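Okay, structure first, notes after.
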Amino acid sequence: MPDAPPSGPDLAALLARLFPRLMALEEPILATTGVTMWEYAILGELVADTALSQVELSRRTGRDTTRLGKHLTALKSRGLVSRDRAPDGRQRTVGLTDAGRAVQAQAKREIRAAEDALLAENLSPTQAAELRRLLAAL
């Protein structure tokens, strides 16, 4: 007789319930800051680095290079990122401008406040912090 399957939903099922709620919270915030979800993800990857190659940025965001290029063109036209040729001339590097850093920081503050409110509906502050820590570890 085979072992009984594990009880409870799988991680993907649990996260699939949470993602639509998070998207609904974040989309209006991003709309007021003038960036899309993908653009916000790109800005977020650029915060910690002075500049990244477009290839590395594509890898980190999971966005193919063609689509990434379109986002970068839009972000550059709004003055949120810079795109320069790397010293070897073969690649382009992407960096945040001061305006891009300000937009990303404002959106992040507002998103974090909305997330904290959502978590506070169901979790203690300690549980919420632990959830963030555990998700970061994954």
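Identifiers in this document derive from the order of the structure tokens: chains are assigned A, B, ..., residues are numbered from 1 separately in each chain, and ligands are numbered from 1 in order of occurrence.
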
Stretch 34-80 of chain A near stretch 16-29 of chain A within 9 Å: what's each residue's closest atom pair and its distance in Å to one decimal, counting only C-alpha atoms, ordered by chain then ascending residue number, as a Markdown table?
```
| residue | atom | partner | partner_atom | distance |
| --- | --- | --- | --- | --- |
| A:Gly34 | CA | A:Ile29 | CA | 8.8 |
| A:Thr36 | CA | A:Glu27 | CA | 7.7 |
| A:Met37 | CA | A:Glu27 | CA | 7.2 |
```

Expected file: the selected residues, N, CA and C atoms, as a short mmCIF file (atom, residue, chain, number, x, y, z; two decimals), in the first residue's frame:
```
data_model
loop_
_atom_site.label_atom_id
_atom_site.label_comp_id
_atom_site.auth_asym_id
_atom_site.auth_seq_id
_atom_site.Cartn_x
_atom_site.Cartn_y
_atom_site.Cartn_z
N GLY A 34 4.40 56.12 -11.84
CA GLY A 34 4.66 56.15 -13.27
C GLY A 34 5.50 55.02 -13.82
N THR A 36 5.73 50.57 -14.51
CA THR A 36 5.03 49.29 -14.56
C THR A 36 5.70 48.31 -13.59
N MET A 37 5.08 47.16 -13.40
CA MET A 37 5.68 46.13 -12.54
C MET A 37 7.07 45.75 -13.04
#
```

Please, which residues in stretch 90-136 of chain A fall within 10 Å of stretch 43-64 of chain A when counting only C-alpha atoms, and what is the closest atom pair and distance in Å to one decimal for each, ordered by chain then residue number, as a Markdown table?
```
| residue | atom | partner | partner_atom | distance |
| --- | --- | --- | --- | --- |
| A:Gln91 | CA | A:Ser53 | CA | 6.6 |
| A:Arg92 | CA | A:Ser53 | CA | 5.7 |
| A:Thr93 | CA | A:Ser53 | CA | 4.2 |
| A:Val94 | CA | A:Ala51 | CA | 5.2 |
| A:Gly95 | CA | A:Ala51 | CA | 4.4 |
| A:Leu96 | CA | A:Leu46 | CA | 6.1 |
| A:Thr97 | CA | A:Leu46 | CA | 9.8 |
| A:Gly100 | CA | A:Leu43 | CA | 7.1 |
| A:Arg101 | CA | A:Val47 | CA | 6.9 |
| A:Val103 | CA | A:Leu43 | CA | 8.7 |
| A:Gln104 | CA | A:Leu43 | CA | 6.2 |
| A:Ala105 | CA | A:Gly44 | CA | 8.9 |
| A:Lys108 | CA | A:Gly44 | CA | 8.7 |
```

DSSP-assigned strand (DSSP E) members of chain A, reported as a VMD selection string
chain A and resid 52 to 53 81 to 85 92 to 96

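As for atom CA of A:Ala120 and atom CA of A:Val35, they are spaced 26.6 Å apart.
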
Just how far from atom CA of A:Arg78 is atom CA of A:Thr32, in Å to one decimal?
14.6 Å

From stretch 16-113 of chain A, collect each residue whose DSSP state is alpha helix (DSSP H) and return the set as a ChimeraX atom specification.
/A:16-33,37-47,54-61,65-77,98-113

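Checking A:Asn122, A:Gln127, A:Thr73, A:Gln106 one by one against A:Leu30, counting only C-alpha atoms, you find the shortest gap at A:Gln106.
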
Which neighbours of A:Leu119 fall inside 10 Å, counting only C-alpha atoms, when residues of the same chain fewer than 5 positions from it are skipped, and could you give them as a VMD selection string?
chain A and resid 113 to 114 124 to 125 127 to 129 131
